[in-house]
file data.cif (mmCIF, C-alpha atoms)
data_data
#
loop_
_atom_site.group_PDB
_atom_site.id
_atom_site.type_symbol
_atom_site.label_atom_id
_atom_site.label_comp_id
_atom_site.auth_asym_id
_atom_site.auth_seq_id
_atom_site.Cartn_x
_atom_site.Cartn_y
_atom_site.Cartn_z
ATOM 1 C CA MET A 843 -156.316 -14.542 77.399
ATOM 2 C CA SER A 844 -158.073 -15.393 74.155
ATOM 3 C CA PRO A 845 -161.829 -16.090 74.269
ATOM 4 C CA ARG A 846 -162.836 -19.710 74.366
ATOM 5 C CA ARG A 847 -163.720 -21.138 70.975
ATOM 6 C CA SER A 848 -167.091 -22.814 70.712
ATOM 7 C CA TYR A 849 -168.879 -25.105 68.307
ATOM 8 C CA ASP A 850 -171.999 -23.007 69.053
ATOM 9 C CA GLN A 851 -174.154 -26.108 69.121
ATOM 10 C CA TYR A 852 -176.832 -26.773 71.739
ATOM 11 C CA CYS A 853 -175.528 -30.281 72.478
ATOM 12 C CA SER A 854 -173.859 -31.495 75.674
ATOM 13 C CA ALA A 855 -171.161 -33.358 73.708
ATOM 14 C CA ALA A 856 -170.346 -30.187 71.778
ATOM 15 C CA ARG A 857 -170.288 -28.153 74.984
ATOM 16 C CA ALA A 858 -167.912 -30.690 76.556
ATOM 17 C CA LEU A 859 -165.616 -30.494 73.533
ATOM 18 C CA ASP A 860 -165.645 -26.707 73.835
ATOM 19 C CA LEU A 861 -163.796 -27.266 77.135
ATOM 20 C CA VAL A 862 -161.662 -30.357 76.585
ATOM 21 C CA GLY A 863 -161.514 -30.862 72.831
ATOM 22 C CA ASP A 864 -158.299 -28.928 72.254
ATOM 23 C CA ARG A 865 -155.107 -30.875 71.642
ATOM 24 C CA TRP A 866 -153.258 -31.751 74.921
ATOM 25 C CA THR A 867 -156.087 -30.817 77.304
ATOM 26 C CA LEU A 868 -157.126 -34.363 78.236
ATOM 27 C CA LEU A 869 -153.493 -35.454 78.496
ATOM 28 C CA ILE A 870 -152.915 -32.634 80.983
ATOM 29 C CA VAL A 871 -155.865 -34.022 82.957
ATOM 30 C CA ARG A 872 -154.225 -37.470 82.828
ATOM 31 C CA GLU A 873 -151.075 -36.030 84.389
ATOM 32 C CA LEU A 874 -152.959 -34.064 87.064
ATOM 33 C CA LEU A 875 -154.822 -37.179 88.207
ATOM 34 C CA ALA A 876 -151.540 -37.862 90.027
ATOM 35 C CA GLY A 877 -152.176 -34.797 92.176
ATOM 36 C CA PRO A 878 -150.616 -31.324 92.145
ATOM 37 C CA ARG A 879 -147.877 -30.909 89.540
ATOM 38 C CA ARG A 880 -145.440 -28.109 88.787
ATOM 39 C CA TYR A 881 -145.323 -26.638 85.296
ATOM 40 C CA THR A 882 -141.847 -28.087 84.751
ATOM 41 C CA ASP A 883 -143.064 -31.573 85.758
ATOM 42 C CA LEU A 884 -145.996 -31.343 83.369
ATOM 43 C CA HIS A 885 -143.754 -30.223 80.527
ATOM 44 C CA ALA A 886 -141.322 -33.098 81.188
ATOM 45 C CA ASP A 887 -144.104 -35.714 81.129
ATOM 46 C CA LEU A 888 -145.849 -34.323 78.037
ATOM 47 C CA PRO A 889 -143.115 -34.776 75.432
ATOM 48 C CA GLY A 890 -143.932 -32.908 72.241
ATOM 49 C CA VAL A 891 -145.920 -30.051 73.754
ATOM 50 C CA SER A 892 -144.440 -26.577 73.351
ATOM 51 C CA THR A 893 -144.097 -24.285 76.345
ATOM 52 C CA ASP A 894 -146.478 -21.776 74.751
ATOM 53 C CA VAL A 895 -149.180 -24.359 74.103
ATOM 54 C CA LEU A 896 -148.887 -25.866 77.589
ATOM 55 C CA ALA A 897 -149.118 -22.444 79.226
ATOM 56 C CA SER A 898 -152.131 -21.571 77.071
ATOM 57 C CA ARG A 899 -153.939 -24.816 77.853
ATOM 58 C CA LEU A 900 -153.357 -24.432 81.585
ATOM 59 C CA LYS A 901 -154.746 -20.886 81.499
ATOM 60 C CA ASP A 902 -157.803 -22.068 79.576
ATOM 61 C CA MET A 903 -158.367 -24.950 81.987
ATOM 62 C CA GLU A 904 -158.112 -22.629 84.981
ATOM 63 C CA ARG A 905 -160.562 -20.186 83.398
ATOM 64 C CA ASP A 906 -163.000 -23.015 82.657
ATOM 65 C CA GLY A 907 -162.906 -24.355 86.217
ATOM 66 C CA LEU A 908 -161.033 -27.580 85.480
ATOM 67 C CA THR A 909 -157.837 -26.687 87.341
ATOM 68 C CA THR A 910 -156.579 -24.313 89.986
ATOM 69 C CA ARG A 911 -153.118 -22.908 90.581
ATOM 70 C CA ARG A 912 -151.624 -22.341 94.021
ATOM 71 C CA ARG A 913 -148.253 -21.534 95.498
ATOM 72 C CA LEU A 914 -146.541 -24.076 97.724
ATOM 73 C CA PRO A 915 -145.346 -22.833 101.116
ATOM 74 C CA PRO A 916 -141.591 -22.444 101.700
ATOM 75 C CA PRO A 917 -139.199 -24.052 101.133
ATOM 76 C CA GLY A 918 -141.016 -25.176 97.959
ATOM 77 C CA ALA A 919 -142.257 -21.720 96.962
ATOM 78 C CA ALA A 920 -143.289 -23.008 93.519
ATOM 79 C CA TYR A 921 -146.660 -22.871 91.817
ATOM 80 C CA VAL A 922 -148.519 -26.127 91.257
ATOM 81 C CA TYR A 923 -151.562 -26.969 89.180
ATOM 82 C CA GLU A 924 -154.254 -29.348 90.384
ATOM 83 C CA LEU A 925 -157.636 -30.553 89.234
ATOM 84 C CA THR A 926 -160.857 -29.192 90.647
ATOM 85 C CA GLU A 927 -163.760 -31.510 91.430
ATOM 86 C CA ARG A 928 -165.050 -30.717 87.946
ATOM 87 C CA GLY A 929 -161.698 -31.678 86.462
ATOM 88 C CA ARG A 930 -161.487 -34.939 88.439
ATOM 89 C CA ALA A 931 -164.918 -35.849 87.091
ATOM 90 C CA LEU A 932 -163.204 -36.399 83.732
ATOM 91 C CA LEU A 933 -161.708 -39.682 85.016
ATOM 92 C CA PRO A 934 -164.463 -41.913 83.575
ATOM 93 C CA VAL A 935 -164.162 -40.015 80.279
ATOM 94 C CA LEU A 936 -160.439 -40.801 80.128
ATOM 95 C CA GLN A 937 -161.055 -44.404 81.192
ATOM 96 C CA ALA A 938 -163.650 -44.886 78.466
ATOM 97 C CA LEU A 939 -161.451 -43.167 75.879
ATOM 98 C CA GLY A 940 -158.510 -45.363 76.884
ATOM 99 C CA ALA A 941 -160.580 -48.537 76.629
ATOM 100 C CA TRP A 942 -161.893 -47.438 73.225
ATOM 101 C CA GLY A 943 -158.356 -46.721 72.043
ATOM 102 C CA GLU A 944 -156.823 -50.034 73.138
ATOM 103 C CA PRO A 945 -157.015 -51.565 69.630
ATOM 104 C CA GLU A 946 -155.049 -48.596 68.268
ATOM 105 C CA LEU A 947 -151.983 -49.231 70.426
ATOM 106 C CA GLY A 948 -150.426 -52.048 68.453
ATOM 107 C CA GLU A 949 -146.715 -52.596 68.964
ATOM 108 C CA ARG A 950 -144.590 -49.775 70.338
ATOM 109 C CA ARG A 951 -143.067 -47.645 67.597
ATOM 110 C CA PRO A 952 -139.448 -46.451 67.827
ATOM 111 C CA THR A 953 -140.735 -42.875 67.987
ATOM 112 C CA ASP A 954 -143.189 -43.541 70.836
ATOM 113 C CA ALA A 955 -142.421 -41.783 74.110
ATOM 114 C CA VAL A 956 -143.223 -43.871 77.201
ATOM 115 C CA ARG A 957 -143.602 -42.981 80.862
ATOM 116 C CA ALA A 958 -144.249 -45.674 83.452
ATOM 117 C CA HIS A 959 -147.193 -43.834 84.995
ATOM 118 C CA TRP A 960 -149.024 -43.719 81.642
ATOM 119 C CA PHE A 961 -149.996 -47.313 82.434
ATOM 120 C CA ALA A 962 -151.754 -46.193 85.620
ATOM 121 C CA LEU A 963 -155.200 -45.743 84.087
ATOM 122 C CA PRO A 964 -155.348 -49.049 82.166
ATOM 123 C CA LEU A 965 -154.052 -50.912 85.227
ATOM 124 C CA LEU A 966 -156.596 -49.227 87.495
ATOM 125 C CA ARG A 967 -159.377 -50.619 85.298
ATOM 126 C CA GLY A 968 -158.232 -54.142 86.199
ATOM 127 C CA LEU A 969 -157.991 -53.671 89.975
ATOM 128 C CA GLU A 970 -160.656 -54.163 92.620
ATOM 129 C CA GLY A 971 -160.870 -53.424 96.322
ATOM 130 C CA ALA A 972 -159.391 -50.412 98.060
ATOM 131 C CA GLY A 973 -155.738 -49.886 98.853
ATOM 132 C CA THR A 974 -152.332 -48.991 97.507
ATOM 133 C CA VAL A 975 -150.702 -51.015 94.743
ATOM 134 C CA GLU A 976 -147.027 -50.570 93.951
ATOM 135 C CA VAL A 977 -146.157 -51.290 90.318
ATOM 136 C CA CYS A 978 -142.678 -52.015 89.026
ATOM 137 C CA LEU A 979 -142.197 -51.921 85.247
ATOM 138 C CA GLU A 980 -139.116 -51.808 83.070
ATOM 139 C CA GLU A 981 -139.874 -48.112 82.490
ATOM 140 C CA GLY A 982 -139.943 -47.318 86.209
ATOM 141 C CA GLU A 983 -142.048 -47.538 89.351
ATOM 142 C CA PHE A 984 -145.293 -45.897 90.373
ATOM 143 C CA HIS A 985 -148.095 -46.588 92.823
ATOM 144 C CA LEU A 986 -151.864 -46.700 92.408
ATOM 145 C CA LEU A 987 -154.462 -45.612 94.920
ATOM 146 C CA VAL A 988 -157.240 -48.072 94.171
ATOM 147 C CA GLY A 989 -160.725 -46.987 95.163
ATOM 148 C CA ALA A 990 -159.731 -43.356 95.757
ATOM 149 C CA GLU A 991 -162.700 -41.048 95.235
ATOM 150 C CA ASN A 992 -160.989 -37.731 95.847
ATOM 151 C CA GLY A 993 -157.398 -36.631 95.431
ATOM 152 C CA PRO A 994 -154.626 -38.398 93.537
ATOM 153 C CA LEU A 995 -155.185 -41.722 91.812
ATOM 154 C CA TYR A 996 -151.516 -42.552 91.316
ATOM 155 C CA GLY A 997 -148.040 -41.234 92.044
ATOM 156 C CA ASP A 998 -144.522 -41.633 90.736
ATOM 157 C CA GLY A 999 -142.081 -43.875 92.543
ATOM 158 C CA PRO A 1000 -142.637 -46.501 95.249
ATOM 159 C CA ALA A 1001 -145.606 -46.267 97.597
ATOM 160 C CA PRO A 1002 -144.940 -43.913 100.529
ATOM 161 C CA ALA A 1003 -145.892 -46.679 102.994
ATOM 162 C CA GLU A 1004 -146.125 -50.453 102.885
ATOM 163 C CA PRO A 1005 -148.471 -51.168 99.940
ATOM 164 C CA ASP A 1006 -151.407 -53.547 100.010
ATOM 165 C CA ALA A 1007 -150.079 -55.234 96.874
ATOM 166 C CA ARG A 1008 -146.955 -55.212 94.704
ATOM 167 C CA LEU A 1009 -147.040 -55.966 90.987
ATOM 168 C CA ARG A 1010 -144.041 -56.554 88.744
ATOM 169 C CA MET A 1011 -144.314 -57.019 84.977
ATOM 170 C CA ASP A 1012 -142.055 -56.953 81.956
ATOM 171 C CA ALA A 1013 -142.740 -54.631 79.024
ATOM 172 C CA ALA A 1014 -144.449 -57.266 76.885
ATOM 173 C CA THR A 1015 -146.911 -58.197 79.630
ATOM 174 C CA CYS A 1016 -147.678 -54.582 80.481
ATOM 175 C CA ASP A 1017 -148.248 -53.769 76.815
ATOM 176 C CA ALA A 1018 -150.607 -56.746 76.465
ATOM 177 C CA VAL A 1019 -152.646 -55.533 79.461
ATOM 178 C CA ALA A 1020 -152.739 -51.985 78.077
ATOM 179 C CA ARG A 1021 -153.941 -53.301 74.706
ATOM 180 C CA GLY A 1022 -156.726 -55.295 76.370
ATOM 181 C CA GLU A 1023 -155.270 -58.627 75.236
ATOM 182 C CA LEU A 1024 -154.587 -59.813 78.783
ATOM 183 C CA THR A 1025 -156.266 -59.062 82.090
ATOM 184 C CA LEU A 1026 -154.272 -58.449 85.240
ATOM 185 C CA ARG A 1027 -155.847 -61.521 86.828
ATOM 186 C CA GLU A 1028 -154.753 -63.653 83.852
ATOM 187 C CA ALA A 1029 -151.256 -62.164 84.009
ATOM 188 C CA VAL A 1030 -150.973 -63.109 87.686
ATOM 189 C CA ARG A 1031 -152.501 -66.582 87.231
ATOM 190 C CA THR A 1032 -150.133 -67.468 84.355
ATOM 191 C CA GLY A 1033 -147.072 -66.095 86.117
ATOM 192 C CA ARG A 1034 -146.489 -63.294 83.626
ATOM 193 C CA ALA A 1035 -146.900 -60.816 86.497
ATOM 194 C CA SER A 1036 -145.572 -61.404 89.981
ATOM 195 C CA LEU A 1037 -147.826 -60.391 92.859
ATOM 196 C CA SER A 1038 -147.144 -60.027 96.567
ATOM 197 C CA GLY A 1039 -149.161 -58.600 99.440
ATOM 198 C CA ASP A 1040 -152.325 -59.522 101.310
ATOM 199 C CA GLY A 1041 -154.476 -56.402 100.944
ATOM 200 C CA PRO A 1042 -157.864 -56.316 99.161
ATOM 201 C CA PRO A 1043 -156.410 -55.576 95.676
ATOM 202 C CA ALA A 1044 -154.009 -58.520 95.998
ATOM 203 C CA LYS A 1045 -156.731 -60.877 97.198
ATOM 204 C CA ALA A 1046 -159.010 -59.829 94.315
ATOM 205 C CA LEU A 1047 -156.284 -60.569 91.762
ATOM 206 C CA ARG A 1048 -155.776 -64.060 93.198
ATOM 207 C CA GLU A 1049 -159.438 -64.977 92.872
ATOM 208 C CA PRO A 1050 -160.150 -67.558 90.140
#
call {"tool": "encode", "arguments": {"input": "data.cif", "output": "structure tokens"}}
result
Amino acid sequence: MSPRRSYDQYCSAARALDLVGDRWTLLIVRELLAGPRRYTDLHADLPGVSTDVLASRLKDMERDGLTTRRRLPPPGAAYVYELTERGRALLPVLQALGAWGEPELGERRPTDAVRAHWFALPLLRGLEGAGTVEVCLEEGEFHLLVGAENGPLYGDGPAPAEPDARLRMDAATCDAVARGELTLREAVRTGRASLSGDGPPAKALREP
């Protein structure tokens, strides 16, 4: 394993970038906020990353205490990667970076890859209360764990149990929310997003 590169500057921002400033590292964190993921799952949801680079980043992140690797019991018998407490503490960094980058989204380009769960973090910023929110987009379904302090924040597919709220949006509405042009509450109030359920997240979205 190659030694970690450093800016060699006595500055907390520089020290942080020593750990997470490499290309792909923060996007790996984004994926692992969904909970433990296999290498093949990570590679599938990080289009454009080479196998060598992904393997190298995961080794660096494990060495630096951001992730751990463990073997699933049979019949899975596969290795999964997951965030440590230190790694999960990067959530507000990703949230702030995403909010800062909203003006850069613009319209989707033909070359842009899209995964439904990439909208999890911007949607989480617009939800209040605690509970599970199932989201159905044109790109697919995923569920959000609103108010979760430890463990996964979202997951692929429908919620494993009856959710506290269900949201359905078309691509244009979802893109507008991701770009910061429309809040979730506005999308629900104007009928651009359909909402069902009576849990705390649903009630918060219905508030004027």
call {"tool": "resolve_selection", "arguments": {"input": "data.cif", "expression": "the PyMOL selection byres ((chain A and resi 859-866) around 12)", "output": "PyMOL selection string"}}
result
chain A and resi 845-858+867-873+884-885+887-893+895-909+928-929+932+935-936
call {"tool": "closest_residue", "arguments": {"input": "data.cif", "among": "A:Glu1004, A:Glu970, A:Pro915, A:Val922", "to": "Ala990 of chain A", "atoms": "all atoms listed in the file"}}
result
A:Glu970
call {"tool": "residues_around", "arguments": {"input": "data.cif", "residues": "Arg1008 of chain A", "least_positions_apart": "5", "cutoff": "12 Å", "atoms": "only C-alpha atoms", "output": "compact mmCIF listing (two decimals) with C-alpha atoms, in the coordinates of the input"}}
result
# COMPACT_ATOMS: atom_id res chain seq x y z
CA GLY A 973 -155.74 -49.89 98.85
CA THR A 974 -152.33 -48.99 97.51
CA VAL A 975 -150.70 -51.02 94.74
CA GLU A 976 -147.03 -50.57 93.95
CA VAL A 977 -146.16 -51.29 90.32
CA CYS A 978 -142.68 -52.02 89.03
CA LEU A 979 -142.20 -51.92 85.25
CA GLU A 983 -142.05 -47.54 89.35
CA PHE A 984 -145.29 -45.90 90.37
CA HIS A 985 -148.10 -46.59 92.82
CA LEU A 986 -151.86 -46.70 92.41
CA PRO A 1000 -142.64 -46.50 95.25
CA ALA A 1001 -145.61 -46.27 97.60
CA ALA A 1003 -145.89 -46.68 102.99
CA VAL A 1030 -150.97 -63.11 87.69
CA ALA A 1035 -146.90 -60.82 86.50
CA SER A 1036 -145.57 -61.40 89.98
CA LEU A 1037 -147.83 -60.39 92.86
CA SER A 1038 -147.14 -60.03 96.57
CA GLY A 1039 -149.16 -58.60 99.44
CA ASP A 1040 -152.32 -59.52 101.31
CA GLY A 1041 -154.48 -56.40 100.94
CA PRO A 1042 -157.86 -56.32 99.16
CA PRO A 1043 -156.41 -55.58 95.68
CA ALA A 1044 -154.01 -58.52 96.00
CA LYS A 1045 -156.73 -60.88 97.20
CA LEU A 1047 -156.28 -60.57 91.76
call {"tool": "residues_near_point", "arguments": {"input": "data.cif", "point": "(-161.3, -40.7, 85.4)", "cutoff": "12 Å", "atoms": "all atoms listed in the file", "output": "PyMOL selection string"}}
result
chain A and resi 868-869+871-876+925+927-941+962-964+966-967+989-996
call {"tool": "closest_residue", "arguments": {"input": "data.cif", "among": "A:Leu1026, A:Val1019, A:Ala1046, A:Ala972", "to": "Leu987 of chain A", "atoms": "all atoms listed in the file"}}
result
A:Ala972
call {"tool": "residues_around", "arguments": {"input": "data.cif", "residues": "Arg1034 of chain A", "least_positions_apart": "4", "cutoff": "12 Å", "atoms": "all atoms listed in the file", "output": "short mmCIF file (atom, residue, chain, number, x, y, z; two decimals) with C-alpha atoms, in the frame of the given file"}}
result
data_model
loop_
_atom_site.label_atom_id
_atom_site.label_comp_id
_atom_site.auth_asym_id
_atom_site.auth_seq_id
_atom_site.Cartn_x
_atom_site.Cartn_y
_atom_site.Cartn_z
CA LEU A 1009 -147.04 -55.97 90.99
CA ARG A 1010 -144.04 -56.55 88.74
CA MET A 1011 -144.31 -57.02 84.98
CA ASP A 1012 -142.06 -56.95 81.96
CA ALA A 1013 -142.74 -54.63 79.02
CA ALA A 1014 -144.45 -57.27 76.89
CA THR A 1015 -146.91 -58.20 79.63
CA CYS A 1016 -147.68 -54.58 80.48
CA ASP A 1017 -148.25 -53.77 76.82
CA ALA A 1018 -150.61 -56.75 76.46
CA VAL A 1019 -152.65 -55.53 79.46
CA LEU A 1024 -154.59 -59.81 78.78
CA THR A 1025 -156.27 -59.06 82.09
CA LEU A 1026 -154.27 -58.45 85.24
CA ARG A 1027 -155.85 -61.52 86.83
CA GLU A 1028 -154.75 -63.65 83.85
CA ALA A 1029 -151.26 -62.16 84.01
CA VAL A 1030 -150.97 -63.11 87.69
#
call {"tool": "atom_distance", "arguments": {"input": "data.cif", "atom1": "atom CA of Leu969 of chain A", "atom2": "atom CA of Arg1048 of chain A"}}
result
11.1 Å
call {"tool": "axis_aligned_box", "arguments": {"input": "data.cif", "around": "segment 899-911 of chain A", "padding_each_side": "8 Å", "output": "AutoDock Vina command-line options"}}
result
--center_x -158.1 --center_y -23.9 --center_z 84.2 --size_x 25.9 --size_y 23.4 --size_z 28.7
call {"tool": "closest_residue", "arguments": {"input": "data.cif", "among": "A:Phe961, A:Gly997, A:Pro1002, A:Gly971", "to": "Glu944 of chain A", "atoms": "all atoms listed in the file"}}
result
A:Phe961
call {"tool": "closest_residue", "arguments": {"input": "data.cif", "among": "A:Ala886, A:Ala1020, A:Ala920, A:Leu914", "to": "Ala955 of chain A", "atoms": "all atoms listed in the file"}}
result
A:Ala886
call {"tool": "atom_distance", "arguments": {"input": "data.cif", "atom1": "atom CA of Val956 of chain A", "atom2": "atom CA of Glu981 of chain A"}}
result
7.6 Å
call {"tool": "atom_distance", "arguments": {"input": "data.cif", "atom1": "atom CA of Arg880 of chain A", "atom2": "atom CA of Ala958 of chain A"}}
result
18.4 Å
